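One file, entry-v5.txt, carrying compact mmCIF, C-alpha atoms (C1' of nucleotides):
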```txt
# COMPACT_ATOMS: atom_id res chain seq x y z
CA MET A 1 -52.02 -63.79 -21.01
CA ALA A 2 -48.34 -64.03 -20.39
CA ASP A 3 -47.73 -60.37 -19.88
CA ILE A 4 -47.48 -60.73 -16.16
CA ASN A 5 -43.86 -61.82 -16.35
CA ILE A 6 -42.39 -58.43 -16.95
CA SER A 7 -45.04 -55.99 -15.97
CA SER A 8 -44.93 -57.08 -12.37
CA LEU A 9 -41.32 -56.01 -11.91
CA PRO A 10 -40.72 -52.87 -9.87
CA ASP A 11 -39.99 -49.69 -11.75
CA ARG A 12 -36.38 -48.78 -11.16
CA SER A 13 -36.27 -46.73 -14.31
CA ALA A 14 -33.99 -43.94 -13.11
CA ALA A 15 -36.37 -41.63 -14.90
CA GLN A 16 -37.70 -39.76 -11.91
CA ALA A 17 -34.47 -38.50 -10.42
CA ASP A 18 -30.98 -39.87 -10.46
CA GLN A 19 -29.51 -37.24 -8.22
CA GLY A 20 -25.95 -37.20 -9.38
CA SER A 21 -24.16 -39.89 -7.42
CA HIS A 22 -23.51 -43.12 -9.33
CA PRO A 23 -24.35 -44.11 -12.92
CA ALA A 24 -27.98 -45.11 -13.27
CA GLU A 25 -28.86 -48.66 -14.18
CA PRO A 26 -29.79 -48.82 -17.85
CA ILE A 27 -33.47 -49.14 -18.66
CA TRP A 28 -32.95 -52.56 -20.18
CA ASP A 29 -36.52 -53.53 -20.78
CA LEU A 30 -37.48 -50.57 -22.93
CA ILE A 31 -34.17 -50.64 -24.79
CA GLU A 32 -34.77 -54.22 -25.78
CA LEU A 33 -38.48 -53.90 -26.35
CA LEU A 34 -37.93 -51.01 -28.72
CA PHE A 35 -35.62 -53.22 -30.72
CA PHE A 36 -38.02 -56.14 -30.87
CA ALA A 37 -41.13 -54.07 -31.48
CA TYR A 38 -39.56 -52.12 -34.29
CA ARG A 39 -38.06 -55.23 -35.82
CA ASP A 40 -41.49 -56.80 -36.09
CA PHE A 41 -43.21 -53.55 -37.01
CA VAL A 42 -41.22 -53.24 -40.23
CA SER A 43 -41.26 -56.92 -41.05
CA ASP A 44 -44.85 -57.13 -42.36
CA PRO A 45 -44.32 -54.54 -45.12
CA ASP A 46 -40.99 -56.11 -46.02
CA ASP A 47 -42.70 -59.27 -47.19
CA VAL A 48 -45.06 -57.41 -49.48
CA LEU A 49 -42.35 -55.11 -50.76
CA ALA A 50 -40.20 -58.07 -51.71
CA LYS A 51 -42.88 -59.14 -54.20
CA PHE A 52 -42.47 -55.78 -55.94
CA SER A 53 -38.67 -55.95 -55.77
CA PHE A 54 -38.77 -52.99 -53.44
CA GLY A 55 -37.06 -52.51 -50.11
CA ARG A 56 -37.54 -50.48 -46.96
CA ALA A 57 -36.07 -47.44 -48.60
CA HIS A 58 -38.85 -47.48 -51.19
CA HIS A 59 -41.39 -47.93 -48.46
CA ARG A 60 -40.23 -44.90 -46.54
CA VAL A 61 -40.29 -42.69 -49.61
CA LEU A 62 -43.64 -43.97 -50.75
CA HIS A 63 -45.08 -43.57 -47.29
CA PHE A 64 -44.10 -39.95 -46.86
CA VAL A 65 -45.07 -38.93 -50.37
CA ASN A 66 -48.45 -40.57 -49.95
CA ARG A 67 -49.04 -39.10 -46.56
CA HIS A 68 -47.71 -35.65 -47.37
CA PRO A 69 -48.46 -35.00 -51.04
CA GLY A 70 -46.73 -32.09 -52.68
CA MET A 71 -43.64 -32.53 -50.56
CA LYS A 72 -40.48 -30.97 -51.89
CA VAL A 73 -37.48 -33.22 -52.43
CA ALA A 74 -35.64 -31.18 -49.82
CA ASP A 75 -38.38 -31.88 -47.28
CA LEU A 76 -38.09 -35.57 -47.88
CA LEU A 77 -34.33 -35.47 -47.42
CA GLU A 78 -34.82 -33.65 -44.15
CA VAL A 79 -37.38 -36.12 -42.89
CA LEU A 80 -35.51 -39.25 -43.89
CA LYS A 81 -32.12 -37.84 -42.88
CA ILE A 82 -30.37 -39.41 -45.86
CA THR A 83 -28.40 -37.92 -48.73
CA LYS A 84 -29.95 -36.88 -52.00
CA GLN A 85 -27.94 -39.55 -53.78
CA SER A 86 -29.46 -42.27 -51.64
CA LEU A 87 -32.89 -40.83 -52.12
CA GLY A 88 -32.33 -40.34 -55.83
CA ARG A 89 -31.75 -44.00 -56.41
CA VAL A 90 -35.00 -45.24 -54.94
CA LEU A 91 -37.05 -42.23 -55.98
CA LYS A 92 -36.01 -42.73 -59.59
CA GLN A 93 -37.24 -46.31 -59.48
CA LEU A 94 -40.55 -45.28 -57.95
CA VAL A 95 -41.02 -42.63 -60.63
CA ASP A 96 -39.92 -44.87 -63.50
CA GLN A 97 -42.31 -47.59 -62.41
CA GLY A 98 -45.20 -45.23 -62.02
CA TYR A 99 -45.68 -45.08 -58.26
CA VAL A 100 -44.68 -41.45 -57.84
CA VAL A 101 -44.85 -38.38 -60.06
CA GLN A 102 -43.02 -35.10 -59.81
CA LYS A 103 -44.65 -31.79 -60.65
CA GLU A 104 -42.97 -28.47 -61.15
CA GLY A 105 -43.61 -26.09 -58.28
CA GLU A 106 -46.01 -23.29 -59.21
CA ASN A 107 -44.24 -20.53 -57.35
CA ASP A 108 -40.75 -21.92 -57.66
CA ARG A 109 -40.25 -23.85 -60.86
CA ARG A 110 -37.01 -25.40 -59.62
CA GLN A 111 -38.92 -27.52 -57.18
CA ARG A 112 -40.12 -31.00 -58.07
CA LEU A 113 -43.13 -31.57 -55.85
CA LEU A 114 -43.82 -35.20 -55.14
CA TYR A 115 -47.15 -36.98 -55.47
CA VAL A 116 -48.21 -40.61 -55.51
CA THR A 117 -50.08 -42.01 -58.49
CA PRO A 118 -53.20 -44.12 -57.86
CA LYS A 119 -50.93 -47.14 -58.17
CA GLY A 120 -48.55 -45.63 -55.64
CA GLU A 121 -51.37 -44.80 -53.28
CA ALA A 122 -52.69 -48.34 -53.49
CA LEU A 123 -49.36 -49.79 -52.47
CA ALA A 124 -48.77 -47.20 -49.77
CA MET A 125 -52.18 -47.85 -48.28
CA ARG A 126 -51.69 -51.58 -48.39
CA LEU A 127 -48.47 -51.27 -46.43
CA ALA A 128 -49.97 -48.80 -44.00
CA GLY A 129 -52.83 -51.24 -43.56
CA LEU A 130 -50.48 -53.97 -42.44
CA GLN A 131 -48.82 -51.74 -39.89
CA THR A 132 -52.17 -50.47 -38.74
CA GLU A 133 -53.37 -54.02 -38.16
CA ARG A 134 -50.42 -54.64 -35.88
CA ILE A 135 -50.90 -51.40 -33.98
CA ALA A 136 -54.65 -51.89 -33.69
CA ARG A 137 -54.12 -55.42 -32.42
CA ALA A 138 -51.70 -54.09 -29.82
CA LEU A 139 -53.93 -51.23 -28.73
CA GLY A 140 -56.86 -53.58 -28.58
CA GLN A 141 -55.09 -55.57 -25.90
CA LEU A 142 -54.56 -52.49 -23.78
CA GLY A 143 -56.69 -49.87 -22.10
CA PRO A 144 -58.67 -47.14 -23.86
CA ASN A 145 -55.99 -44.50 -23.40
CA ALA A 146 -53.21 -46.69 -24.71
CA HIS A 147 -53.14 -44.84 -28.02
CA GLU A 148 -52.66 -41.56 -26.27
CA ALA A 149 -50.02 -43.00 -23.95
CA ALA A 150 -48.06 -44.53 -26.82
CA ARG A 151 -48.23 -41.29 -28.75
CA ARG A 152 -46.93 -39.26 -25.85
CA PHE A 153 -44.11 -41.69 -25.19
CA LEU A 154 -42.99 -41.80 -28.80
CA VAL A 155 -43.14 -38.03 -29.18
CA ALA A 156 -41.03 -37.61 -26.07
CA MET A 157 -38.46 -40.01 -27.50
CA ILE A 158 -37.84 -37.79 -30.52
CA ASP A 159 -34.95 -35.33 -30.52
CA ALA A 160 -36.09 -32.15 -28.83
CA ASP A 161 -35.26 -29.99 -31.82
CA GLY A 162 -37.10 -32.20 -34.29
CA ARG A 163 -40.13 -32.74 -32.07
CA ASP A 164 -42.13 -29.71 -33.06
CA GLY A 165 -41.42 -30.23 -36.72
CA VAL A 166 -42.61 -33.80 -36.58
CA GLN A 167 -45.77 -32.90 -34.72
CA LYS A 168 -46.58 -30.13 -37.15
CA LEU A 169 -45.95 -32.48 -40.05
CA ILE A 170 -48.37 -35.01 -38.66
CA ALA A 171 -50.97 -32.44 -37.69
CA ARG A 172 -50.84 -30.77 -41.10
CA ALA A 173 -51.24 -34.05 -42.98
CA ASP A 174 -54.06 -34.94 -40.65
CA ARG A 175 -55.93 -31.75 -41.40
CA ALA A 176 -55.36 -32.13 -45.14
CA ARG A 177 -56.83 -35.59 -45.18
CA ARG A 178 -60.05 -34.67 -43.41
CA PRO A 179 -60.53 -31.03 -44.54
CA ARG A 180 -63.34 -30.00 -42.19
CA SER A 181 -63.90 -32.34 -39.27
CA MET B 1 -45.09 -27.70 -24.21
CA ALA B 2 -45.86 -28.34 -27.82
CA ASP B 3 -47.45 -31.70 -27.30
CA ILE B 4 -50.93 -30.29 -27.40
CA ASN B 5 -50.96 -30.27 -31.19
CA ILE B 6 -51.46 -33.92 -31.65
CA SER B 7 -52.73 -35.21 -28.39
CA SER B 8 -55.92 -33.23 -28.69
CA LEU B 9 -57.05 -35.09 -31.76
CA PRO B 10 -59.84 -37.62 -31.35
CA ASP B 11 -58.88 -41.27 -31.28
CA ARG B 12 -60.15 -42.86 -34.45
CA SER B 13 -57.62 -45.64 -34.13
CA ALA B 14 -59.79 -48.47 -35.42
CA ALA B 15 -58.42 -50.49 -32.54
CA GLN B 16 -61.62 -51.01 -30.63
CA ALA B 17 -63.77 -52.50 -33.32
CA ASP B 18 -63.77 -52.19 -37.06
CA GLN B 19 -66.77 -54.37 -37.66
CA GLY B 20 -66.03 -55.62 -41.09
CA SER B 21 -67.47 -53.01 -43.41
CA HIS B 22 -64.90 -50.70 -45.04
CA PRO B 23 -61.12 -50.51 -44.66
CA ALA B 24 -60.10 -48.72 -41.49
CA GLU B 25 -58.20 -45.47 -41.68
CA PRO B 26 -54.50 -46.14 -41.04
CA ILE B 27 -53.17 -45.11 -37.66
CA TRP B 28 -50.90 -42.53 -39.21
CA ASP B 29 -49.61 -40.87 -36.10
CA LEU B 30 -48.19 -43.98 -34.45
CA ILE B 31 -46.83 -45.28 -37.74
CA GLU B 32 -44.86 -42.10 -38.25
CA LEU B 33 -43.93 -41.60 -34.61
CA LEU B 34 -42.48 -45.10 -34.46
CA PHE B 35 -40.30 -44.22 -37.40
CA PHE B 36 -39.09 -40.94 -35.95
CA ALA B 37 -38.64 -42.22 -32.42
CA TYR B 38 -36.64 -45.23 -33.52
CA ARG B 39 -34.58 -43.17 -35.92
CA ASP B 40 -33.47 -40.91 -33.09
CA PHE B 41 -33.20 -43.74 -30.58
CA VAL B 42 -30.47 -45.47 -32.57
CA SER B 43 -28.72 -42.28 -33.62
CA ASP B 44 -26.95 -41.55 -30.30
CA PRO B 45 -25.04 -44.86 -30.23
CA ASP B 46 -24.22 -44.53 -33.91
CA ASP B 47 -22.05 -41.50 -33.25
CA VAL B 48 -20.02 -43.26 -30.57
CA LEU B 49 -19.75 -46.46 -32.58
CA ALA B 50 -18.35 -44.54 -35.53
CA LYS B 51 -15.33 -43.59 -33.40
CA PHE B 52 -14.60 -47.29 -32.95
CA SER B 53 -15.22 -48.07 -36.62
CA PHE B 54 -18.20 -50.11 -35.55
CA GLY B 55 -21.73 -50.01 -36.87
CA ARG B 56 -25.21 -50.88 -35.67
CA ALA B 57 -24.61 -54.53 -36.29
CA HIS B 58 -21.77 -54.51 -33.78
CA HIS B 59 -23.95 -52.65 -31.33
CA ARG B 60 -26.72 -55.21 -31.49
CA VAL B 61 -24.33 -58.11 -30.96
CA LEU B 62 -22.46 -56.40 -28.17
CA HIS B 63 -25.70 -55.41 -26.49
CA PHE B 64 -27.17 -58.86 -26.40
CA VAL B 65 -23.96 -60.56 -25.36
CA ASN B 66 -23.48 -58.05 -22.56
CA ARG B 67 -27.04 -58.29 -21.41
CA HIS B 68 -27.33 -62.06 -21.73
CA PRO B 69 -23.89 -63.50 -21.00
CA GLY B 70 -23.32 -67.12 -21.94
CA MET B 71 -25.63 -66.89 -24.91
CA LYS B 72 -25.17 -69.52 -27.57
CA VAL B 73 -24.44 -68.39 -31.10
CA ALA B 74 -27.70 -69.99 -32.16
CA ASP B 75 -29.62 -67.92 -29.60
CA LEU B 76 -28.12 -64.76 -30.96
CA LEU B 77 -29.08 -65.69 -34.49
CA GLU B 78 -32.62 -66.31 -33.33
CA VAL B 79 -32.85 -63.01 -31.52
CA LEU B 80 -31.33 -60.90 -34.26
CA LYS B 81 -33.09 -62.80 -37.03
CA ILE B 82 -30.09 -62.67 -39.31
CA THR B 83 -27.95 -65.36 -40.93
CA LYS B 84 -24.89 -66.84 -39.34
CA GLN B 85 -22.78 -65.39 -42.15
CA SER B 86 -23.95 -61.88 -41.33
CA LEU B 87 -23.40 -62.46 -37.66
CA GLY B 88 -20.04 -64.09 -38.26
CA ARG B 89 -18.64 -61.02 -39.88
CA VAL B 90 -19.27 -58.63 -37.03
CA LEU B 91 -18.78 -61.18 -34.27
CA LYS B 92 -15.33 -62.01 -35.59
CA GLN B 93 -14.34 -58.36 -35.41
CA LEU B 94 -15.64 -58.04 -31.88
CA VAL B 95 -13.71 -61.13 -30.83
CA ASP B 96 -10.52 -60.16 -32.66
CA GLN B 97 -10.54 -56.72 -31.10
CA GLY B 98 -11.15 -58.05 -27.61
CA TYR B 99 -14.72 -57.00 -26.93
CA VAL B 100 -16.20 -60.48 -26.84
CA VAL B 101 -14.85 -63.90 -25.91
CA GLN B 102 -16.19 -67.32 -26.71
CA LYS B 103 -16.04 -70.20 -24.25
CA GLU B 104 -16.64 -73.85 -24.95
CA GLY B 105 -19.94 -75.06 -23.53
CA GLU B 106 -19.49 -77.30 -20.48
CA ASN B 107 -22.21 -79.77 -21.31
CA ASP B 108 -22.01 -79.49 -25.05
CA ARG B 109 -18.52 -78.76 -26.25
CA ARG B 110 -19.68 -77.80 -29.72
CA GLN B 111 -21.22 -74.64 -28.36
CA ARG B 112 -19.30 -71.36 -28.25
CA LEU B 113 -20.88 -69.43 -25.41
CA LEU B 114 -20.52 -65.68 -25.74
CA TYR B 115 -19.31 -63.28 -23.07
CA VAL B 116 -18.17 -59.67 -23.09
CA THR B 117 -14.73 -58.75 -21.85
CA PRO B 118 -14.38 -55.81 -19.44
CA LYS B 119 -13.59 -53.70 -22.48
CA GLY B 120 -16.70 -54.98 -24.19
CA GLU B 121 -18.83 -54.34 -21.14
CA ALA B 122 -17.54 -50.80 -20.89
CA LEU B 123 -18.57 -50.03 -24.45
CA ALA B 124 -21.90 -51.80 -24.12
CA MET B 125 -22.72 -49.90 -20.96
CA ARG B 126 -21.70 -46.62 -22.49
CA LEU B 127 -24.08 -47.18 -25.39
CA ALA B 128 -26.86 -48.38 -23.11
CA GLY B 129 -26.27 -45.25 -21.05
CA LEU B 130 -26.94 -43.03 -24.02
CA GLN B 131 -30.17 -44.79 -24.82
CA THR B 132 -31.16 -44.77 -21.19
CA GLU B 133 -30.65 -41.02 -21.03
CA ARG B 134 -33.07 -40.56 -23.90
CA ILE B 135 -35.65 -42.89 -22.43
CA ALA B 136 -35.32 -41.39 -18.96
CA ARG B 137 -35.69 -37.91 -20.39
CA ALA B 138 -38.83 -39.02 -22.20
CA LEU B 139 -40.34 -40.78 -19.19
CA GLY B 140 -39.48 -37.80 -17.03
CA GLN B 141 -41.78 -35.66 -19.15
CA LEU B 142 -44.65 -38.05 -18.67
CA GLY B 143 -46.68 -39.43 -15.80
CA PRO B 144 -45.43 -41.94 -13.23
CA ASN B 145 -46.88 -44.95 -15.02
CA ALA B 146 -45.44 -44.02 -18.39
CA HIS B 147 -42.77 -46.69 -18.11
CA GLU B 148 -45.36 -49.34 -17.54
CA ALA B 149 -47.54 -48.03 -20.36
CA ALA B 150 -44.65 -47.94 -22.80
CA ARG B 151 -43.63 -51.44 -21.83
CA ARG B 152 -47.10 -52.81 -22.35
CA PHE B 153 -47.48 -51.11 -25.70
CA LEU B 154 -44.13 -52.32 -27.00
CA VAL B 155 -44.71 -55.87 -25.80
CA ALA B 156 -48.07 -55.92 -27.54
CA MET B 157 -46.41 -54.77 -30.77
CA ILE B 158 -44.17 -57.82 -30.88
CA ASP B 159 -45.18 -60.85 -32.95
CA ALA B 160 -47.46 -63.02 -30.86
CA ASP B 161 -45.26 -66.08 -31.21
CA GLY B 162 -42.10 -64.25 -30.20
CA ARG B 163 -43.69 -62.35 -27.35
CA ASP B 164 -43.28 -64.91 -24.62
CA GLY B 165 -39.72 -65.67 -25.62
CA VAL B 166 -38.79 -62.02 -25.50
CA GLN B 167 -40.39 -61.51 -22.12
CA LYS B 168 -38.67 -64.53 -20.69
CA LEU B 169 -35.37 -63.36 -22.11
CA ILE B 170 -35.73 -60.00 -20.44
CA ALA B 171 -36.97 -61.43 -17.17
CA ARG B 172 -34.16 -63.96 -17.00
CA ALA B 173 -31.46 -61.35 -17.64
CA ASP B 174 -33.10 -59.15 -15.07
CA ARG B 175 -32.94 -61.83 -12.41
CA ALA B 176 -29.34 -62.69 -13.28
CA ARG B 177 -28.18 -59.14 -12.88
CA ARG B 178 -29.66 -58.64 -9.43
CA PRO B 179 -29.45 -62.18 -7.99
CA ARG B 180 -31.54 -61.71 -4.83
CA SER B 181 -33.63 -58.56 -4.75
C1' DA C 1 -18.90 -98.57 -33.85
C1' DT C 2 -20.44 -96.31 -37.34
C1' DA C 3 -23.71 -93.12 -39.23
C1' DT C 4 -26.20 -89.09 -38.78
C1' DT C 5 -27.39 -84.84 -36.92
C1' DT C 6 -26.13 -80.61 -34.70
C1' DA C 7 -23.39 -76.28 -33.62
C1' DT C 8 -20.45 -73.55 -35.55
C1' DG C 9 -17.23 -71.44 -38.89
C1' DT C 10 -15.84 -69.92 -43.44
C1' DC C 11 -15.31 -68.79 -48.45
C1' DA C 12 -17.22 -66.50 -52.35
C1' DG C 13 -20.28 -63.56 -54.39
C1' DC C 14 -24.46 -60.71 -54.79
C1' DC C 15 -27.74 -56.98 -53.45
C1' DA C 16 -29.73 -52.92 -51.04
C1' DT C 17 -28.84 -48.81 -49.21
C1' DG C 18 -26.12 -45.78 -46.85
C1' DT C 19 -21.82 -42.52 -47.61
C1' DT C 20 -18.50 -38.66 -49.93
C1' DG C 21 -17.03 -35.70 -53.66
C1' DA C 22 -17.51 -33.51 -57.92
C1' DC C 23 -20.05 -31.46 -61.26
C1' DA C 24 -24.32 -29.96 -64.34
C1' DT C 25 -28.69 -27.41 -65.10
C1' DA C 26 -32.45 -24.56 -64.39
C1' DT C 27 -34.35 -20.99 -61.82
C1' DT C 28 -34.65 -17.52 -58.44
C1' DT C 29 -32.75 -13.77 -55.95
C1' DC C 30 -29.49 -10.14 -54.99
C1' DG D 1 -25.30 -10.23 -64.64
C1' DA D 2 -23.70 -12.69 -60.53
C1' DA D 3 -24.66 -15.53 -56.84
C1' DA D 4 -27.46 -18.59 -54.42
C1' DT D 5 -30.79 -22.40 -54.50
C1' DA D 6 -33.27 -26.87 -55.85
C1' DT D 7 -32.46 -30.70 -58.02
C1' DG D 8 -30.14 -34.42 -60.66
C1' DT D 9 -26.29 -37.40 -61.77
C1' DC D 10 -21.78 -39.90 -62.15
C1' DA D 11 -18.35 -42.57 -59.77
C1' DA D 12 -16.55 -44.93 -56.02
C1' DC D 13 -16.81 -46.91 -51.63
C1' DA D 14 -18.67 -49.10 -46.95
C1' DT D 15 -21.91 -51.64 -44.25
C1' DG D 16 -24.60 -55.26 -43.46
C1' DG D 17 -28.10 -58.03 -45.19
C1' DC D 18 -28.55 -62.47 -48.33
C1' DT D 19 -27.71 -67.41 -50.72
C1' DG D 20 -25.07 -71.50 -51.58
C1' DA D 21 -21.49 -74.59 -50.73
C1' DC D 22 -18.51 -76.78 -47.89
C1' DA D 23 -15.59 -78.01 -43.41
C1' DT D 24 -15.01 -79.52 -38.63
C1' DA D 25 -15.93 -81.20 -34.19
C1' DA D 26 -18.95 -83.08 -31.02
C1' DA D 27 -23.23 -85.23 -29.71
C1' DT D 28 -26.71 -88.57 -30.64
C1' DA D 29 -28.95 -92.38 -32.85
C1' DT D 30 -28.92 -96.92 -34.94
```

Since I need it in another form, could you write the structure as structure tokens?
Amino acid sequence: MADINISSLPDRSAAQADQGSHPAEPIWDLIELLFFAYRDFVSDPDDVLAKFSFGRAHHRVLHFVNRHPGMKVADLLEVLKITKQSLGRVLKQLVDQGYVVQKEGENDRRQRLLYVTPKGEALAMRLAGLQTERIARALGQLGPNAHEAARRFLVAMIDADGRDGVQKLIARADRARRPRS
Amino acid sequence: MADINISSLPDRSAAQADQGSHPAEPIWDLIELLFFAYRDFVSDPDDVLAKFSFGRAHHRVLHFVNRHPGMKVADLLEVLKITKQSLGRVLKQLVDQGYVVQKEGENDRRQRLLYVTPKGEALAMRLAGLQTERIARALGQLGPNAHEAARRFLVAMIDADGRDGVQKLIARADRARRPRS
DNA sequence: ATATTTATGTCAGCCATGTTGACATATTTC
DNA sequence: GAAATATGTCAACATGGCTGACATAAATAT
């Protein structure tokens, strides 16, 4: 209930074709909805993290290390788009407190490959569980192809040059988790 | 091109029905895509804002004041979910530099209703334009009902108790902008 | 009419997390 | 052996959250 308010408005999205003339009307609804949805999306983990004296920065690191084990530090910097000094601060805490370990690369011994400990995995999965609940609840209210539609939309929103990298990242991690499906 | 990688995976989203037994597999793809999409979504405005020595906080304030003129300070606090001290800092700068003005409420003279100046509107619209370009580009790559699908998904992702408020906010602003359509 | 509540502003200080710049160390590659 | 690479670290700074305390004006309640 209550989602008739907005969804019944005509689509004047300017997506199809704004053939040159005057500046298109901003797509207000999606701009604002992205803000609100993301705000709430990150809020569930925040509460749990606070109990561990961790913040969002720790969450992001823990998430990607858990999801993509063996990541190089450089990969993580690339993904998060932050500086190594910023990463260093939170990564050090995660390592010191036993959530993440670093192993020397086998081929290249300069590399410090990142892995979660069981303790790190437990926390990462707990946080992912919260976000999954929210997403599942949302998808449950929509049609059967809502997952697919959301995925396509979000992929298309990513910078064109990063898009392939992101999709490969996800696909690779997906394969790794379920080796032969 | 390139969006076949992911979209061909089966949907094991756990949305439909996880009847109790064991913990559902996290919905990794949407969790990560939300991160990447939002990261890029806010990055375009950031570059412009930097030229004005403004940050994301200024953007959020300017956006909501532009989009919902006459907002009370209390409304803005509610929407942004930050403290009045945090808001005060950036709002003061926006007022001092002539992007936002505050008018005494007519009924309640304690209120300081917020409005953008022409200068403020120009900046707000420029930033909204950047985000609209990205969204329009994304929607353009998808089917004709992608806008609707994205809207539904994002609405469903919002906290249940805030959902109605958000939708009313958007609908109201929408009506105000195009008085009789 | 006075007391209380409400809307807003402000000061001071703290914390998390981003930044730049410089430099150190180990290892690989040329 | 020299140069490039992967990583770590120190110092300093900026932004934008936070709490707590307190101030003012206007509305509302007793």

Chain A residues near chain C (10 Å cut-off, all atoms listed in the file) as a PyMOL selection string: chain A and resi 54-57+82-83+85-87+89-90+108-111

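For chain D, the residues having at least one atom no farther than 10 Å from chain A, when counting all atoms listed in the file, are DT5, DA6, DT7, DG8 and DT9 of chain D.
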
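Separating atom CA of Ala138 of chain B from atom CA of Ala156 of chain A is a distance of 4.7 Å.
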
Neighbours of chain B in chain A at 7 Å, counting all atoms listed in the file, as number ranges by chain: A: 2, 5-7, 14-16, 26-27, 29-30, 33-34, 36-37, 40, 128-129, 132, 134-140, 148-151, 153-159, 164, 167, 170-171

Atomic separation - atom C1' of DG16 of chain D relative to atom CA of Gln102 of chain B, Å: 22.3 Å

Take every atom of segment 19-28 of chain D listed in the file, pad by 5 Å on each side, and give me the axis-aligned box centre and edge lengths in Å, one decimal, as lines of an AutoDock Vina configuration file.
```
center_x = -21.4
center_y = -78.0
center_z = -40.6
size_x = 22.7
size_y = 31.2
size_z = 31.9
```

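Nearest to His59 of chain B of all the residues B:Met71, B:Leu113, B:Leu123, B:Ala176 is B:Leu123, counting all atoms listed in the file.
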
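Atom pair atom CA of Pro118 of chain B / atom CA of Arg175 of chain B: separated by 20.7 Å.
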
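Residues in contact with Gln97 of chain A at up to 12 Å, not including ones fewer than 3 positions away on its chain and judged by all atoms listed in the file, are Phe52, Ser53, Phe54, His58, Val90, Leu91, Lys92, Gln93, Leu94, Val100, Val101, Val116, Thr117, Lys119 and Gly120 of chain A.
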